[in-house]
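This is structure10.pdb (PDB, C-alpha atoms).
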ATOM      1  CA  MET A  18     -38.135   8.253  32.827
ATOM      2  CA  THR A  19     -41.002  10.684  32.825
ATOM      3  CA  GLN A  20     -41.255  13.873  30.872
ATOM      4  CA  SER A  21     -42.811  17.056  32.106
ATOM      5  CA  PHE A  22     -45.059  18.895  29.716
ATOM      6  CA  ASP A  23     -45.285  21.986  31.866
ATOM      7  CA  PRO A  24     -44.362  25.244  30.154
ATOM      8  CA  PRO A  25     -41.128  26.908  31.212
ATOM      9  CA  PRO A  26     -41.224  29.110  34.309
ATOM     10  CA  PRO A  27     -42.440  32.641  33.734
ATOM     11  CA  ASP A  28     -39.971  35.294  32.655
ATOM     12  CA  VAL A  29     -41.799  38.059  34.473
ATOM     13  CA  VAL A  30     -42.552  38.209  38.177
ATOM     14  CA  LEU A  31     -45.513  40.436  38.958
ATOM     15  CA  ASP A  32     -46.128  42.504  42.016
ATOM     16  CA  PRO A  33     -48.933  41.027  44.161
ATOM     17  CA  GLN A  34     -51.455  43.731  43.243
ATOM     18  CA  ARG A  35     -50.995  43.249  39.495
ATOM     19  CA  GLU A  36     -51.112  39.476  39.864
ATOM     20  CA  ALA A  37     -54.343  39.753  41.859
ATOM     21  CA  SER A  38     -55.785  42.031  39.178
ATOM     22  CA  LEU A  39     -54.940  39.537  36.418
ATOM     23  CA  ARG A  40     -56.373  36.698  38.495
ATOM     24  CA  THR A  41     -59.605  38.657  38.925
ATOM     25  CA  VAL A  42     -59.783  39.192  35.169
ATOM     26  CA  GLY A  43     -59.095  35.480  34.687
ATOM     27  CA  VAL A  44     -61.851  34.462  37.088
ATOM     28  CA  ILE A  45     -64.335  36.799  35.391
ATOM     29  CA  SER A  46     -63.364  35.437  31.999
ATOM     30  CA  TYR A  47     -63.613  31.812  33.148
ATOM     31  CA  VAL A  48     -67.044  32.536  34.682
ATOM     32  CA  LEU A  49     -68.274  34.065  31.416
ATOM     33  CA  HIS A  50     -66.880  31.149  29.415
ATOM     34  CA  ALA A  51     -68.472  28.656  31.818
ATOM     35  CA  ILE A  52     -71.872  30.337  31.494
ATOM     36  CA  VAL A  53     -71.539  30.128  27.719
ATOM     37  CA  ALA A  54     -70.452  26.470  27.861
ATOM     38  CA  VAL A  55     -73.367  25.472  30.099
ATOM     39  CA  GLY A  56     -75.750  27.610  28.025
ATOM     40  CA  ALA A  57     -74.627  25.803  24.882
ATOM     41  CA  LEU A  58     -75.829  22.537  26.393
ATOM     42  CA  LEU A  59     -79.246  23.888  27.395
ATOM     43  CA  PRO A  60     -81.915  24.329  24.726
ATOM     44  CA  GLY A  61     -83.104  27.876  24.116
ATOM     45  CA  VAL A  62     -80.184  29.681  25.746
ATOM     46  CA  GLN A  63     -79.062  31.807  22.795
ATOM     47  CA  ALA A  64     -78.207  35.035  24.630
ATOM     48  CA  SER A  65     -74.958  33.504  25.848
ATOM     49  CA  ILE A  66     -73.141  34.446  22.626
ATOM     50  CA  VAL A  67     -72.995  38.042  23.918
ATOM     51  CA  LEU A  68     -71.188  36.825  27.043
ATOM     52  CA  LEU A  69     -68.734  34.895  24.881
ATOM     53  CA  ILE A  70     -67.962  38.000  22.830
ATOM     54  CA  VAL A  71     -67.418  40.005  26.025
ATOM     55  CA  ALA A  72     -65.113  37.288  27.426
ATOM     56  CA  VAL A  73     -63.071  37.110  24.220
ATOM     57  CA  ILE A  74     -62.703  40.903  24.091
ATOM     58  CA  VAL A  75     -61.588  40.967  27.743
ATOM     59  CA  ASP A  76     -59.033  38.231  27.024
ATOM     60  CA  LEU A  77     -57.722  39.984  23.928
ATOM     61  CA  VAL A  78     -57.399  43.349  25.688
ATOM     62  CA  LYS A  79     -55.804  42.025  28.889
ATOM     63  CA  ARG A  80     -53.491  39.301  27.585
ATOM     64  CA  ASP A  81     -50.626  41.712  26.859
ATOM     65  CA  GLU A  82     -50.570  42.670  30.538
ATOM     66  CA  ALA A  83     -49.896  39.036  31.399
ATOM     67  CA  ALA A  84     -47.146  38.495  28.814
ATOM     68  CA  GLY A  85     -44.311  36.383  30.173
ATOM     69  CA  THR A  86     -46.230  35.207  33.249
ATOM     70  CA  TRP A  87     -47.940  31.933  34.055
ATOM     71  CA  GLN A  88     -51.255  33.729  33.599
ATOM     72  CA  ALA A  89     -50.492  34.411  29.937
ATOM     73  CA  THR A  90     -50.986  30.702  29.295
ATOM     74  CA  HIS A  91     -54.544  30.987  30.604
ATOM     75  CA  PHE A  92     -55.393  33.825  28.212
ATOM     76  CA  SER A  93     -54.065  31.730  25.313
ATOM     77  CA  TRP A  94     -55.888  28.639  26.611
ATOM     78  CA  ARG A  95     -59.255  30.424  26.688
ATOM     79  CA  LEU A  96     -58.781  32.060  23.287
ATOM     80  CA  ARG A  97     -57.680  28.786  21.676
ATOM     81  CA  SER A  98     -60.673  27.015  23.231
ATOM     82  CA  VAL A  99     -63.050  29.539  21.677
ATOM     83  CA  LEU A 100     -61.325  29.398  18.292
ATOM     84  CA  TRP A 101     -61.318  25.604  18.172
ATOM     85  CA  CYS A 102     -64.970  25.431  19.184
ATOM     86  CA  GLY A 103     -65.889  27.989  16.554
ATOM     87  CA  VAL A 104     -64.083  26.010  13.868
ATOM     88  CA  LEU A 105     -65.676  22.750  15.012
ATOM     89  CA  TYR A 106     -69.151  24.308  15.067
ATOM     90  CA  VAL A 107     -68.676  25.597  11.508
ATOM     91  CA  VAL A 108     -67.315  22.254  10.278
ATOM     92  CA  THR A 109     -70.253  20.344  11.784
ATOM     93  CA  LEU A 110     -72.885  22.863  10.649
ATOM     94  CA  PRO A 111     -73.784  20.816   7.528
ATOM     95  CA  LEU A 112     -74.915  17.996   9.807
ATOM     96  CA  TRP A 113     -77.819  20.218  10.898
ATOM     97  CA  PHE A 114     -78.905  20.640   7.288
ATOM     98  CA  LEU A 115     -78.627  16.954   6.451
ATOM     99  CA  PHE A 116     -79.931  15.409   9.642
ATOM    100  CA  VAL A 117     -80.909  17.188  12.834
ATOM    101  CA  LEU A 118     -79.887  14.458  15.280
ATOM    102  CA  PRO A 119     -76.226  14.123  14.142
ATOM    103  CA  GLY A 120     -75.876  17.907  14.213
ATOM    104  CA  TRP A 121     -77.287  18.081  17.710
ATOM    105  CA  ILE A 122     -75.016  15.260  18.903
ATOM    106  CA  ALA A 123     -71.933  16.853  17.342
ATOM    107  CA  TRP A 124     -72.674  20.246  18.902
ATOM    108  CA  CYS A 125     -73.311  18.649  22.302
ATOM    109  CA  VAL A 126     -69.950  16.861  22.142
ATOM    110  CA  ILE A 127     -68.200  20.105  21.165
ATOM    111  CA  SER A 128     -69.959  21.989  23.962
ATOM    112  CA  ILE A 129     -68.999  19.348  26.529
ATOM    113  CA  TRP A 130     -65.386  19.531  25.330
ATOM    114  CA  PHE A 131     -65.490  23.330  25.655
ATOM    115  CA  LEU A 132     -66.881  23.054  29.190
ATOM    116  CA  TYR A 133     -64.144  20.547  30.047
ATOM    117  CA  ARG A 134     -61.444  22.955  28.836
ATOM    118  CA  ILE A 135     -62.902  25.842  30.802
ATOM    119  CA  VAL A 136     -63.175  23.812  34.021
ATOM    120  CA  ARG A 137     -59.661  22.412  33.557
ATOM    121  CA  GLY A 138     -58.231  25.895  33.031
ATOM    122  CA  TRP A 139     -60.152  27.395  35.916
ATOM    123  CA  LEU A 140     -58.931  24.702  38.317
ATOM    124  CA  ALA A 141     -55.341  25.204  37.165
ATOM    125  CA  MET A 142     -55.634  28.961  37.616
ATOM    126  CA  ASN A 143     -56.945  28.498  41.149
ATOM    127  CA  ASP A 144     -53.835  26.379  41.845
ATOM    128  CA  ARG A 145     -51.638  29.038  40.176
ATOM    129  CA  ARG A 146     -50.492  26.547  37.548
ATOM    130  CA  PRO A 147     -49.852  27.500  33.918
ATOM    131  CA  MET A 148     -51.727  25.783  31.112
ATOM    132  CA  PRO A 149     -49.911  23.692  28.495
ATOM    133  CA  MET A 150     -49.113  25.500  25.324
TER
END
Translate the structure of the given file into structure tokens.
Amino acid sequence: MTQSFDPPPPDVVLDPQREASLRTVGVISYVLHAIVAVGALLPGVQASIVLLIVAVIVDLVKRDEAAGTWQATHFSWRLRSVLWCGVLYVVTLPLWFLFVLPGWIAWCVISIWFLYRIVRGWLAMNDRRPMPM
């Protein structure tokens, strides 16, 4: 017996134009998050934090429009990814002060995990699948 971990079907059915608009916002947000995730892995790419702030603001402003739809799970997925990464970066910050190498390794692992979550979400959105809650 297998269990499905998919979220329940959406309560709200959107008209095609609104759905396309939310998908466009989702693609833009995933692109911005992906740039930030790749930038976090490359040395000297510090300007990407501005893109992350823009992406988070876009997600916060637009997520109410997607409430009750499968796309709402993507807004939550992206916001939770950012929050978890932020917490993990703060928790591992002392490693930079104690030893540079463990701090660098920890931040690389976190950045790779963030990139994984963004790619996973983006692929699911392209297939019109909701993300797990």
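Here, the PyMOL selection byres ((chain A and resi 143) around 12) matches Ala37, Arg40, Thr41, Gly43, Val44, Tyr47, Trp87, Gln88, His91, Val136, Arg137, Gly138, Trp139, Leu140, Ala141, Met142, Asp144, Arg145, Arg146, Pro147 and Met148 of chain A.
Put simply, atom CA of Ile52 of chain A is 7.2 Å away from atom CA of Ser65 of chain A.
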Would you place a box with edges along x, y and z of the file around all atoms of segment 130-145 of chain A listed there, add 6 Å to each of its six sides, and report the centre and edge lengths in Å to one decimal, as JSON?
{"center_x": -59.3, "center_y": 24.3, "center_z": 33.6, "size_x": 27.2, "size_y": 21.5, "size_z": 28.5}
Taking 5 positions as the minimum chain separation for residues in the same chain, which residues sit within 8 Å of Ile135 of chain A when counting all atoms listed in the file? Answer as a PDB file with C-alpha atoms, in the frame of the given file.
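File written: out.pdb
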ATOM      1  CA  TYR A  47     -63.613  31.812  33.148  1.00  0.00           C
ATOM      2  CA  HIS A  50     -66.880  31.149  29.415  1.00  0.00           C
ATOM      3  CA  ALA A  51     -68.472  28.656  31.818  1.00  0.00           C
ATOM      4  CA  ARG A  95     -59.255  30.424  26.688  1.00  0.00           C
ATOM      5  CA  SER A  98     -60.673  27.015  23.231  1.00  0.00           C
TER       6      SER A  98
END
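For the set A:Ala89, A:Val108, A:Val99, A:Val73, the residue with the smallest atom-to-atom gap to Gly120 of chain A is A:Val108, counting all atoms listed in the file.
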